[in-house]
$ cat protein.pdb   # PDB, C-alpha atoms
ATOM      1  CA  MET A 255     203.297  65.241   7.907  1.00  0.00           C
ATOM      2  CA  ALA A 256     201.212  67.169   5.326  1.00  0.00           C
ATOM      3  CA  THR A 257     203.196  70.204   4.201  1.00  0.00           C
ATOM      4  CA  LYS A 258     202.327  73.429   2.431  1.00  0.00           C
ATOM      5  CA  TYR A 259     204.258  75.272  -0.266  1.00  0.00           C
ATOM      6  CA  LEU A 260     206.083  78.510   0.562  1.00  0.00           C
ATOM      7  CA  LEU A 261     207.592  80.731  -2.122  1.00  0.00           C
ATOM      8  CA  HIS A 262     209.676  83.753  -1.112  1.00  0.00           C
ATOM      9  CA  GLY A 263     211.111  85.945  -3.834  1.00  0.00           C
ATOM     10  CA  LYS A 264     212.189  89.385  -4.991  1.00  0.00           C
ATOM     11  CA  ILE A 265     210.940  91.314  -8.016  1.00  0.00           C
ATOM     12  CA  THR A 266     212.900  94.394  -9.080  1.00  0.00           C
ATOM     13  CA  ALA A 267     211.109  97.275 -10.785  1.00  0.00           C
ATOM     14  CA  LYS A 268     212.663  99.573 -13.348  1.00  0.00           C
ATOM     15  CA  PRO A 269     213.661 102.844 -11.632  1.00  0.00           C
ATOM     16  CA  GLY A 270     210.600 104.969 -10.823  1.00  0.00           C
ATOM     17  CA  HIS A 271     208.111 102.097 -11.152  1.00  0.00           C
ATOM     18  CA  VAL A 272     208.277 100.343  -7.762  1.00  0.00           C
ATOM     19  CA  ASP A 273     205.030 101.874  -6.477  1.00  0.00           C
ATOM     20  CA  THR A 274     203.165 100.736  -9.590  1.00  0.00           C
ATOM     21  CA  LEU A 275     204.649  97.240  -9.191  1.00  0.00           C
ATOM     22  CA  ARG A 276     203.632  97.174  -5.524  1.00  0.00           C
ATOM     23  CA  ASP A 277     200.053  98.157  -6.429  1.00  0.00           C
ATOM     24  CA  ILE A 278     199.831  95.445  -9.112  1.00  0.00           C
ATOM     25  CA  LEU A 279     201.032  92.838  -6.591  1.00  0.00           C
ATOM     26  CA  LEU A 280     198.532  94.064  -3.993  1.00  0.00           C
ATOM     27  CA  GLN A 281     195.817  93.646  -6.656  1.00  0.00           C
ATOM     28  CA  ALA A 282     197.128  90.120  -7.235  1.00  0.00           C
ATOM     29  CA  ALA A 283     196.793  89.414  -3.505  1.00  0.00           C
ATOM     30  CA  GLN A 284     193.125  90.414  -3.648  1.00  0.00           C
ATOM     31  CA  LEU A 285     192.555  88.255  -6.711  1.00  0.00           C
ATOM     32  CA  LEU A 286     194.301  85.265  -5.124  1.00  0.00           C
ATOM     33  CA  SER A 287     191.957  85.377  -2.123  1.00  0.00           C
ATOM     34  CA  GLN A 288     189.442  83.796  -4.524  1.00  0.00           C
ATOM     35  CA  VAL A 289     191.877  81.238  -5.936  1.00  0.00           C
ATOM     36  CA  LYS A 290     192.076  77.643  -4.670  1.00  0.00           C
ATOM     37  CA  GLY A 291     194.812  76.902  -2.160  1.00  0.00           C
ATOM     38  CA  CYS A 292     196.301  80.362  -1.580  1.00  0.00           C
ATOM     39  CA  HIS A 293     196.590  81.196   2.141  1.00  0.00           C
ATOM     40  CA  ILE A 294     199.233  83.936   2.254  1.00  0.00           C
ATOM     41  CA  TYR A 295     200.426  86.453  -0.335  1.00  0.00           C
ATOM     42  CA  ALA A 296     202.462  89.083   1.529  1.00  0.00           C
ATOM     43  CA  VAL A 297     203.800  92.065  -0.414  1.00  0.00           C
ATOM     44  CA  SER A 298     206.821  93.614   1.298  1.00  0.00           C
ATOM     45  CA  LYS A 299     209.696  96.006   0.808  1.00  0.00           C
ATOM     46  CA  ASP A 300     213.282  96.112   1.988  1.00  0.00           C
ATOM     47  CA  PRO A 301     214.106  99.626   3.264  1.00  0.00           C
ATOM     48  CA  ALA A 302     217.641  99.092   1.923  1.00  0.00           C
ATOM     49  CA  ASP A 303     216.491  98.176  -1.610  1.00  0.00           C
ATOM     50  CA  GLU A 304     214.078 100.812  -2.900  1.00  0.00           C
ATOM     51  CA  ASN A 305     213.480  99.324  -6.360  1.00  0.00           C
ATOM     52  CA  SER A 306     212.463  95.870  -5.167  1.00  0.00           C
ATOM     53  CA  VAL A 307     209.272  94.274  -3.909  1.00  0.00           C
ATOM     54  CA  TYR A 308     209.261  90.952  -2.068  1.00  0.00           C
ATOM     55  CA  VAL A 309     206.423  88.444  -2.270  1.00  0.00           C
ATOM     56  CA  THR A 310     206.044  85.700   0.326  1.00  0.00           C
ATOM     57  CA  GLU A 311     203.384  83.155  -0.563  1.00  0.00           C
ATOM     58  CA  VAL A 312     201.971  80.083   1.191  1.00  0.00           C
ATOM     59  CA  TRP A 313     199.818  77.640  -0.759  1.00  0.00           C
ATOM     60  CA  ASP A 314     198.262  74.259  -0.028  1.00  0.00           C
ATOM     61  CA  SER A 315     200.538  72.871  -2.769  1.00  0.00           C
ATOM     62  CA  LYS A 316     202.937  73.822  -5.531  1.00  0.00           C
ATOM     63  CA  GLU A 317     200.342  72.482  -7.965  1.00  0.00           C
ATOM     64  CA  ASP A 318     197.761  75.008  -6.717  1.00  0.00           C
ATOM     65  CA  HIS A 319     200.334  77.778  -7.097  1.00  0.00           C
ATOM     66  CA  ASP A 320     201.327  76.733 -10.611  1.00  0.00           C
ATOM     67  CA  HIS A 321     197.667  76.272 -11.613  1.00  0.00           C
ATOM     68  CA  SER A 322     196.900  79.873 -10.555  1.00  0.00           C
ATOM     69  CA  LEU A 323     199.263  81.075 -13.275  1.00  0.00           C
ATOM     70  CA  GLN A 324     196.687  79.819 -15.823  1.00  0.00           C
ATOM     71  CA  ASP A 325     193.954  82.085 -14.403  1.00  0.00           C
ATOM     72  CA  GLU A 326     193.194  84.762 -16.978  1.00  0.00           C
ATOM     73  CA  ASN A 327     192.913  87.556 -14.421  1.00  0.00           C
ATOM     74  CA  VAL A 328     196.249  86.542 -12.876  1.00  0.00           C
ATOM     75  CA  ARG A 329     197.811  86.422 -16.352  1.00  0.00           C
ATOM     76  CA  ALA A 330     196.410  89.898 -17.105  1.00  0.00           C
ATOM     77  CA  LEU A 331     198.162  91.263 -13.999  1.00  0.00           C
ATOM     78  CA  ILE A 332     201.394  89.494 -14.935  1.00  0.00           C
ATOM     79  CA  MET A 333     201.232  91.106 -18.394  1.00  0.00           C
ATOM     80  CA  LYS A 334     200.606  94.487 -16.747  1.00  0.00           C
ATOM     81  CA  ALA A 335     203.696  94.040 -14.548  1.00  0.00           C
ATOM     82  CA  MET A 336     206.149  92.637 -17.102  1.00  0.00           C
ATOM     83  CA  PRO A 337     207.013  95.981 -18.838  1.00  0.00           C
ATOM     84  CA  ILE A 338     208.057  97.589 -15.534  1.00  0.00           C
ATOM     85  CA  ILE A 339     210.085  94.647 -14.230  1.00  0.00           C
ATOM     86  CA  ASP A 340     213.863  95.062 -14.472  1.00  0.00           C
ATOM     87  CA  GLY A 341     215.294  91.952 -16.104  1.00  0.00           C
ATOM     88  CA  MET A 342     213.942  88.412 -15.593  1.00  0.00           C
ATOM     89  CA  PRO A 343     212.156  87.768 -12.269  1.00  0.00           C
ATOM     90  CA  GLN A 344     214.177  85.281 -10.210  1.00  0.00           C
ATOM     91  CA  ARG A 345     212.365  82.012  -9.300  1.00  0.00           C
ATOM     92  CA  GLY A 346     212.530  82.679  -5.533  1.00  0.00           C
ATOM     93  CA  GLN A 347     213.113  80.308  -2.645  1.00  0.00           C
ATOM     94  CA  GLU A 348     210.798  77.289  -2.493  1.00  0.00           C
ATOM     95  CA  LEU A 349     210.230  75.698   0.929  1.00  0.00           C
ATOM     96  CA  GLU A 350     207.999  73.033   2.475  1.00  0.00           C
ATOM     97  CA  VAL A 351     206.015  74.450   5.384  1.00  0.00           C
ATOM     98  CA  MET A 352     205.909  71.827   8.163  1.00  0.00           C
ATOM     99  CA  GLY A 353     203.607  73.780  10.448  1.00  0.00           C
ATOM    100  CA  GLY A 354     203.440  76.795  12.706  1.00  0.00           C
ATOM    101  CA  LEU A 355     201.163  79.738  13.481  1.00  0.00           C
ATOM    102  CA  GLY A 356     198.975  81.246  10.770  1.00  0.00           C
ATOM    103  CA  VAL A 357     199.818  78.673   8.121  1.00  0.00           C
TER     104      VAL A 357
ATOM    105  CA  MET B  61     200.531 102.982   4.958  1.00  0.00           C
ATOM    106  CA  ALA B  62     200.770 100.975   8.217  1.00  0.00           C
ATOM    107  CA  THR B  63     203.242  98.145   7.699  1.00  0.00           C
ATOM    108  CA  LYS B  64     203.962  94.914   9.547  1.00  0.00           C
ATOM    109  CA  TYR B  65     207.327  93.317  10.286  1.00  0.00           C
ATOM    110  CA  LEU B  66     208.429  90.202   8.371  1.00  0.00           C
ATOM    111  CA  LEU B  67     211.491  88.182   9.377  1.00  0.00           C
ATOM    112  CA  HIS B  68     212.648  85.309   7.169  1.00  0.00           C
ATOM    113  CA  GLY B  69     215.668  83.319   8.274  1.00  0.00           C
ATOM    114  CA  LYS B  70     217.506  80.002   8.353  1.00  0.00           C
ATOM    115  CA  ILE B  71     218.670  78.069  11.415  1.00  0.00           C
ATOM    116  CA  THR B  72     221.074  75.179  10.868  1.00  0.00           C
ATOM    117  CA  ALA B  73     221.044  72.213  13.249  1.00  0.00           C
ATOM    118  CA  LYS B  74     224.066  70.116  14.134  1.00  0.00           C
ATOM    119  CA  PRO B  75     223.958  66.882  12.100  1.00  0.00           C
ATOM    120  CA  GLY B  76     221.264  64.500  13.398  1.00  0.00           C
ATOM    121  CA  HIS B  77     219.369  67.186  15.333  1.00  0.00           C
ATOM    122  CA  VAL B  78     217.170  68.854  12.691  1.00  0.00           C
ATOM    123  CA  ASP B  79     213.993  67.041  13.758  1.00  0.00           C
ATOM    124  CA  THR B  80     214.501  68.124  17.365  1.00  0.00           C
ATOM    125  CA  LEU B  81     215.103  71.714  16.209  1.00  0.00           C
ATOM    126  CA  ARG B  82     211.947  71.584  14.069  1.00  0.00           C
ATOM    127  CA  ASP B  83     209.896  70.349  17.050  1.00  0.00           C
ATOM    128  CA  ILE B  84     211.240  73.110  19.314  1.00  0.00           C
ATOM    129  CA  LEU B  85     210.330  75.741  16.679  1.00  0.00           C
ATOM    130  CA  LEU B  86     206.847  74.251  16.279  1.00  0.00           C
ATOM    131  CA  GLN B  87     206.482  74.513  20.086  1.00  0.00           C
ATOM    132  CA  ALA B  88     207.579  78.158  19.780  1.00  0.00           C
ATOM    133  CA  ALA B  89     204.856  78.723  17.180  1.00  0.00           C
ATOM    134  CA  GLN B  90     202.232  77.434  19.629  1.00  0.00           C
ATOM    135  CA  LEU B  91     203.611  79.638  22.377  1.00  0.00           C
ATOM    136  CA  LEU B  92     203.678  82.707  20.135  1.00  0.00           C
ATOM    137  CA  SER B  93     199.984  82.329  19.358  1.00  0.00           C
ATOM    138  CA  GLN B  94     199.494  83.778  22.871  1.00  0.00           C
ATOM    139  CA  VAL B  95     202.057  86.560  22.429  1.00  0.00           C
ATOM    140  CA  LYS B  96     201.110  90.122  21.447  1.00  0.00           C
ATOM    141  CA  GLY B  97     201.511  91.000  17.778  1.00  0.00           C
ATOM    142  CA  CYS B  98     202.508  87.654  16.285  1.00  0.00           C
ATOM    143  CA  HIS B  99     200.415  86.734  13.231  1.00  0.00           C
ATOM    144  CA  ILE B 100     202.558  84.211  11.349  1.00  0.00           C
ATOM    145  CA  TYR B 101     205.336  81.873  12.483  1.00  0.00           C
ATOM    146  CA  ALA B 102     205.889  79.361   9.673  1.00  0.00           C
ATOM    147  CA  VAL B 103     208.395  76.548  10.201  1.00  0.00           C
ATOM    148  CA  SER B 104     209.693  75.203   6.900  1.00  0.00           C
ATOM    149  CA  LYS B 105     212.375  73.044   5.346  1.00  0.00           C
ATOM    150  CA  ASP B 106     214.349  73.163   2.125  1.00  0.00           C
ATOM    151  CA  PRO B 107     214.435  69.692   0.535  1.00  0.00           C
ATOM    152  CA  ALA B 108     217.945  70.534  -0.717  1.00  0.00           C
ATOM    153  CA  ASP B 109     219.280  71.465   2.746  1.00  0.00           C
ATOM    154  CA  GLU B 110     218.483  68.675   5.215  1.00  0.00           C
ATOM    155  CA  ASN B 111     220.142  70.231   8.287  1.00  0.00           C
ATOM    156  CA  SER B 112     218.329  73.568   8.126  1.00  0.00           C
ATOM    157  CA  VAL B 113     214.972  74.867   9.276  1.00  0.00           C
ATOM    158  CA  TYR B 114     213.517  78.121   7.973  1.00  0.00           C
ATOM    159  CA  VAL B 115     211.298  80.402  10.025  1.00  0.00           C
ATOM    160  CA  THR B 116     209.110  83.032   8.372  1.00  0.00           C
ATOM    161  CA  GLU B 117     207.471  85.390  10.848  1.00  0.00           C
ATOM    162  CA  VAL B 118     205.019  88.298  10.522  1.00  0.00           C
ATOM    163  CA  TRP B 119     204.450  90.617  13.461  1.00  0.00           C
ATOM    164  CA  ASP B 120     202.537  93.844  14.006  1.00  0.00           C
ATOM    165  CA  SER B 121     205.927  95.476  14.655  1.00  0.00           C
ATOM    166  CA  LYS B 122     209.623  94.796  15.183  1.00  0.00           C
ATOM    167  CA  GLU B 123     209.103  95.999  18.760  1.00  0.00           C
ATOM    168  CA  ASP B 124     206.533  93.250  19.403  1.00  0.00           C
ATOM    169  CA  HIS B 125     208.944  90.701  17.953  1.00  0.00           C
ATOM    170  CA  ASP B 126     211.887  91.937  20.025  1.00  0.00           C
ATOM    171  CA  HIS B 127     209.718  92.126  23.154  1.00  0.00           C
ATOM    172  CA  SER B 128     208.733  88.459  22.757  1.00  0.00           C
ATOM    173  CA  LEU B 129     212.378  87.507  23.273  1.00  0.00           C
ATOM    174  CA  GLN B 130     211.974  88.630  26.919  1.00  0.00           C
ATOM    175  CA  ASP B 131     209.157  86.124  27.531  1.00  0.00           C
ATOM    176  CA  GLU B 132     210.461  83.460  29.904  1.00  0.00           C
ATOM    177  CA  ASN B 133     208.799  80.583  28.062  1.00  0.00           C
ATOM    178  CA  VAL B 134     210.263  81.808  24.763  1.00  0.00           C
ATOM    179  CA  ARG B 135     213.690  82.162  26.392  1.00  0.00           C
ATOM    180  CA  ALA B 136     213.391  78.602  27.764  1.00  0.00           C
ATOM    181  CA  LEU B 137     212.806  77.288  24.225  1.00  0.00           C
ATOM    182  CA  ILE B 138     215.735  79.333  22.893  1.00  0.00           C
ATOM    183  CA  MET B 139     217.968  77.817  25.604  1.00  0.00           C
ATOM    184  CA  LYS B 140     216.688  74.352  24.650  1.00  0.00           C
ATOM    185  CA  ALA B 141     217.586  74.969  20.996  1.00  0.00           C
ATOM    186  CA  MET B 142     220.997  76.632  21.405  1.00  0.00           C
ATOM    187  CA  PRO B 143     223.022  73.435  22.076  1.00  0.00           C
ATOM    188  CA  ILE B 144     221.810  71.805  18.828  1.00  0.00           C
ATOM    189  CA  ILE B 145     222.274  74.861  16.591  1.00  0.00           C
ATOM    190  CA  ASP B 146     225.340  74.750  14.357  1.00  0.00           C
ATOM    191  CA  GLY B 147     227.256  78.035  14.750  1.00  0.00           C
ATOM    192  CA  MET B 148     225.603  81.406  15.341  1.00  0.00           C
ATOM    193  CA  PRO B 149     222.041  81.817  13.984  1.00  0.00           C
ATOM    194  CA  GLN B 150     222.036  84.385  11.164  1.00  0.00           C
ATOM    195  CA  ARG B 151     219.844  87.481  11.722  1.00  0.00           C
ATOM    196  CA  GLY B 152     217.585  86.726   8.741  1.00  0.00           C
ATOM    197  CA  GLN B 153     215.987  89.052   6.222  1.00  0.00           C
ATOM    198  CA  GLU B 154     213.880  91.878   7.685  1.00  0.00           C
ATOM    199  CA  LEU B 155     211.125  93.313   5.503  1.00  0.00           C
ATOM    200  CA  GLU B 156     208.220  95.736   5.830  1.00  0.00           C
ATOM    201  CA  VAL B 157     204.940  94.112   4.855  1.00  0.00           C
ATOM    202  CA  MET B 158     202.874  96.636   2.879  1.00  0.00           C
ATOM    203  CA  GLY B 159     199.795  94.435   2.578  1.00  0.00           C
ATOM    204  CA  GLY B 160     198.437  91.351   0.875  1.00  0.00           C
ATOM    205  CA  LEU B 161     196.448  88.205   1.668  1.00  0.00           C
ATOM    206  CA  GLY B 162     196.661  86.623   5.101  1.00  0.00           C
ATOM    207  CA  VAL B 163     198.809  89.340   6.649  1.00  0.00           C
TER     208      VAL B 163
END

$ encode --input "protein.pdb" --output "structure tokens"
Amino acid sequence: MATKYLLHGKITAKPGHVDTLRDILLQAAQLLSQVKGCHIYAVSKDPADENSVYVTEVWDSKEDHDHSLQDENVRALIMKAMPIIDGMPQRGQELEVMGGLGV
Amino acid sequence: MATKYLLHGKITAKPGHVDTLRDILLQAAQLLSQVKGCHIYAVSKDPADENSVYVTEVWDSKEDHDHSLQDENVRALIMKAMPIIDGMPQRGQELEVMGGLGV
């Protein structure tokens, strides 16, 4: 059974910067539509956690995901986000997608 | 900003039943492709947690999601799964999707 790679994680912004972080991640989603192997890059919020943004990604493979981090435009967005991120971003939950709708 | 509804949760099978649970959830994904408002229903596993299956769903709204639980075919699959689920299924994480790729 060929599987895909799902990554679900939280990024916390410094107080007052969550909208800017959200916009950077939405820009990343647009960028990743042109990057090999990226199918889903959902940018979400938790109504009970106003400083955090959640990203849920589905890729053909972990290798495609990791390779995207070398893309200079992706790196530029990461650099733009780093100063407004509170502490170190957690790795997030890594799962193997076995199938389903929309993936 | 119109948002969508994301639900990310874990269901644990009784020992020896995880493949059956996975297959029931993959059947649910097929069924939900015909149900109003369901865009994503990803069925995943965590290599470090062999008895659990993760479901990541994206719907137009929480109402559409909740309404789907009244569908008789969906209820039949839920009844099929209940005897092989270990304990009570946890509610899962509910998020508001603000945008991104594939959602």

$ closest_atom_pairs --input "protein.pdb" --of "chain A" --to "chain B" --cutoff "7 Å" --atoms "only C-alpha atoms" --output "JSON lines"
{"residue": "A:Leu280", "atom": "CA", "partner": "B:Gly160", "partner_atom": "CA", "distance": 5.6}
{"residue": "A:Ala283", "atom": "CA", "partner": "B:Gly160", "partner_atom": "CA", "distance": 5.1}
{"residue": "A:Gln284", "atom": "CA", "partner": "B:Leu161", "partner_atom": "CA", "distance": 6.6}
{"residue": "A:Ser287", "atom": "CA", "partner": "B:Leu161", "partner_atom": "CA", "distance": 6.5}
{"residue": "A:His293", "atom": "CA", "partner": "B:Gly162", "partner_atom": "CA", "distance": 6.2}
{"residue": "A:Ile294", "atom": "CA", "partner": "B:Gly162", "partner_atom": "CA", "distance": 4.7}
{"residue": "A:Tyr295", "atom": "CA", "partner": "B:Leu161", "partner_atom": "CA", "distance": 4.8}
{"residue": "A:Ala296", "atom": "CA", "partner": "B:Gly160", "partner_atom": "CA", "distance": 4.7}
{"residue": "A:Val297", "atom": "CA", "partner": "B:Gly159", "partner_atom": "CA", "distance": 5.5}
{"residue": "A:Ser298", "atom": "CA", "partner": "B:Val157", "partner_atom": "CA", "distance": 4.1}
{"residue": "A:Lys299", "atom": "CA", "partner": "B:Glu156", "partner_atom": "CA", "distance": 5.2}
{"residue": "A:Asp300", "atom": "CA", "partner": "B:Leu155", "partner_atom": "CA", "distance": 5.0}
{"residue": "A:Leu349", "atom": "CA", "partner": "B:Asp106", "partner_atom": "CA", "distance": 5.0}
{"residue": "A:Glu350", "atom": "CA", "partner": "B:Ser104", "partner_atom": "CA", "distance": 5.2}
{"residue": "A:Val351", "atom": "CA", "partner": "B:Ser104", "partner_atom": "CA", "distance": 4.0}
{"residue": "A:Met352", "atom": "CA", "partner": "B:Ser104", "partner_atom": "CA", "distance": 5.2}
{"residue": "A:Gly353", "atom": "CA", "partner": "B:Val103", "partner_atom": "CA", "distance": 5.5}
{"residue": "A:Gly354", "atom": "CA", "partner": "B:Ala102", "partner_atom": "CA", "distance": 4.7}
{"residue": "A:Leu355", "atom": "CA", "partner": "B:Tyr101", "partner_atom": "CA", "distance": 4.8}
{"residue": "A:Gly356", "atom": "CA", "partner": "B:Ile100", "partner_atom": "CA", "distance": 4.7}
{"residue": "A:Val357", "atom": "CA", "partner": "B:Ala102", "partner_atom": "CA", "distance": 6.3}

$ write_last_selection --input "protein.pdb" --atoms "C-alpha atoms" --output "JSON list (two decimals), in the frame of the given file"
[["chain", "number", "residue", "atom", "x", "y", "z"],
["A", 280, "LEU", "CA", 198.53, 94.06, -3.99],
["A", 283, "ALA", "CA", 196.79, 89.41, -3.50],
["A", 284, "GLN", "CA", 193.12, 90.41, -3.65],
["A", 287, "SER", "CA", 191.96, 85.38, -2.12],
["A", 293, "HIS", "CA", 196.59, 81.20, 2.14],
["A", 294, "ILE", "CA", 199.23, 83.94, 2.25],
["A", 295, "TYR", "CA", 200.43, 86.45, -0.34],
["A", 296, "ALA", "CA", 202.46, 89.08, 1.53],
["A", 297, "VAL", "CA", 203.80, 92.06, -0.41],
["A", 298, "SER", "CA", 206.82, 93.61, 1.30],
["A", 299, "LYS", "CA", 209.70, 96.01, 0.81],
["A", 300, "ASP", "CA", 213.28, 96.11, 1.99],
["A", 349, "LEU", "CA", 210.23, 75.70, 0.93],
["A", 350, "GLU", "CA", 208.00, 73.03, 2.48],
["A", 351, "VAL", "CA", 206.02, 74.45, 5.38],
["A", 352, "MET", "CA", 205.91, 71.83, 8.16],
["A", 353, "GLY", "CA", 203.61, 73.78, 10.45],
["A", 354, "GLY", "CA", 203.44, 76.80, 12.71],
["A", 355, "LEU", "CA", 201.16, 79.74, 13.48],
["A", 356, "GLY", "CA", 198.98, 81.25, 10.77],
["A", 357, "VAL", "CA", 199.82, 78.67, 8.12]]

$ resolve_selection --input "protein.pdb" --expression "the PyMOL selection byres ((chain A and resi 335) around 9)" --output "PyMOL selection string"
chain A and resi 267+274-275+278-279+330-334+336-339

$ atom_distance --input "protein.pdb" --atom1 "CA of Glu123 (chain B)" --atom2 "CA of Ile71 (chain B)"
21.6 Å

$ atom_distance --input "protein.pdb" --atom1 "CA of Gly147 (chain B)" --atom2 "CA of Gly69 (chain B)"
14.3 Å

$ closest_residue --input "protein.pdb" --among "B:Val78, B:Gly97, B:His125, B:Val134" --to "Asp109 (chain B)" --atoms "only C-alpha atoms"
B:Val78

$ atom_distance --input "protein.pdb" --atom1 "CA of Thr72 (chain B)" --atom2 "CA of Pro149 (chain B)"
7.4 Å

$ build_atoms --input "protein.pdb" --residues "region 134-156 of chain B" --atoms "N, CA and C atoms" --output "mmCIF file, in the frame of the given file"
data_model
loop_
_atom_site.group_PDB
_atom_site.id
_atom_site.type_symbol
_atom_site.label_atom_id
_atom_site.label_comp_id
_atom_site.auth_asym_id
_atom_site.auth_seq_id
_atom_site.Cartn_x
_atom_site.Cartn_y
_atom_site.Cartn_z
ATOM 1 N N VAL B 134 209.541 81.723 26.040
ATOM 2 C CA VAL B 134 210.263 81.808 24.763
ATOM 3 C C VAL B 134 211.764 81.624 25.014
ATOM 4 N N ARG B 135 212.260 82.272 26.073
ATOM 5 C CA ARG B 135 213.690 82.162 26.392
ATOM 6 C C ARG B 135 214.047 80.709 26.731
ATOM 7 N N ALA B 136 213.128 80.010 27.403
ATOM 8 C CA ALA B 136 213.391 78.602 27.764
ATOM 9 C C ALA B 136 213.554 77.759 26.495
ATOM 10 N N LEU B 137 212.708 78.042 25.491
ATOM 11 C CA LEU B 137 212.806 77.288 24.225
ATOM 12 C C LEU B 137 214.097 77.637 23.488
ATOM 13 N N ILE B 138 214.477 78.919 23.539
ATOM 14 C CA ILE B 138 215.735 79.333 22.893
ATOM 15 C C ILE B 138 216.906 78.588 23.554
ATOM 16 N N MET B 139 216.886 78.511 24.886
ATOM 17 C CA MET B 139 217.968 77.817 25.604
ATOM 18 C C MET B 139 217.995 76.333 25.228
ATOM 19 N N LYS B 140 216.801 75.772 25.018
ATOM 20 C CA LYS B 140 216.688 74.352 24.650
ATOM 21 C C LYS B 140 217.298 74.114 23.253
ATOM 22 N N ALA B 141 217.128 75.133 22.387
ATOM 23 C CA ALA B 141 217.586 74.969 20.996
ATOM 24 C C ALA B 141 219.084 75.250 20.840
ATOM 25 N N MET B 142 219.614 76.169 21.629
ATOM 26 C CA MET B 142 220.997 76.632 21.405
ATOM 27 C C MET B 142 222.016 75.495 21.271
ATOM 28 N N PRO B 143 221.974 74.472 22.162
ATOM 29 C CA PRO B 143 223.022 73.435 22.076
ATOM 30 C C PRO B 143 222.999 72.626 20.782
ATOM 31 N N ILE B 144 221.887 72.627 20.060
ATOM 32 C CA ILE B 144 221.810 71.805 18.828
ATOM 33 C C ILE B 144 221.859 72.665 17.573
ATOM 34 N N ILE B 145 222.123 73.966 17.758
ATOM 35 C CA ILE B 145 222.274 74.861 16.591
ATOM 36 C C ILE B 145 223.741 74.903 16.190
ATOM 37 N N ASP B 146 223.979 74.812 14.893
ATOM 38 C CA ASP B 146 225.340 74.750 14.357
ATOM 39 C C ASP B 146 225.835 76.172 14.103
ATOM 40 N N GLY B 147 226.739 76.679 14.940
ATOM 41 C CA GLY B 147 227.256 78.035 14.750
ATOM 42 C C GLY B 147 226.230 79.055 15.218
ATOM 43 N N MET B 148 226.487 80.326 14.910
ATOM 44 C CA MET B 148 225.603 81.406 15.341
ATOM 45 C C MET B 148 224.422 81.540 14.376
ATOM 46 N N PRO B 149 223.172 81.606 14.886
ATOM 47 C CA PRO B 149 222.041 81.817 13.984
ATOM 48 C C PRO B 149 222.206 83.148 13.240
ATOM 49 N N GLN B 150 221.953 83.127 11.920
ATOM 50 C CA GLN B 150 222.036 84.385 11.164
ATOM 51 C C GLN B 150 220.812 85.235 11.499
ATOM 52 N N ARG B 151 220.929 86.558 11.377
ATOM 53 C CA ARG B 151 219.844 87.481 11.722
ATOM 54 C C ARG B 151 218.601 87.233 10.868
ATOM 55 N N GLY B 152 218.743 86.907 9.611
ATOM 56 C CA GLY B 152 217.585 86.726 8.741
ATOM 57 C C GLY B 152 217.236 88.021 8.039
ATOM 58 N N GLN B 153 216.377 87.896 7.029
ATOM 59 C CA GLN B 153 215.987 89.052 6.222
ATOM 60 C C GLN B 153 214.810 89.766 6.892
ATOM 61 N N GLU B 154 214.935 91.085 7.060
ATOM 62 C CA GLU B 154 213.880 91.878 7.685
ATOM 63 C C GLU B 154 213.198 92.723 6.610
ATOM 64 N N LEU B 155 211.876 92.576 6.508
ATOM 65 C CA LEU B 155 211.125 93.313 5.503
ATOM 66 C C LEU B 155 209.937 94.028 6.136
ATOM 67 N N GLU B 156 209.430 95.029 5.403
ATOM 68 C CA GLU B 156 208.220 95.736 5.830
ATOM 69 C C GLU B 156 207.057 95.259 4.967
#
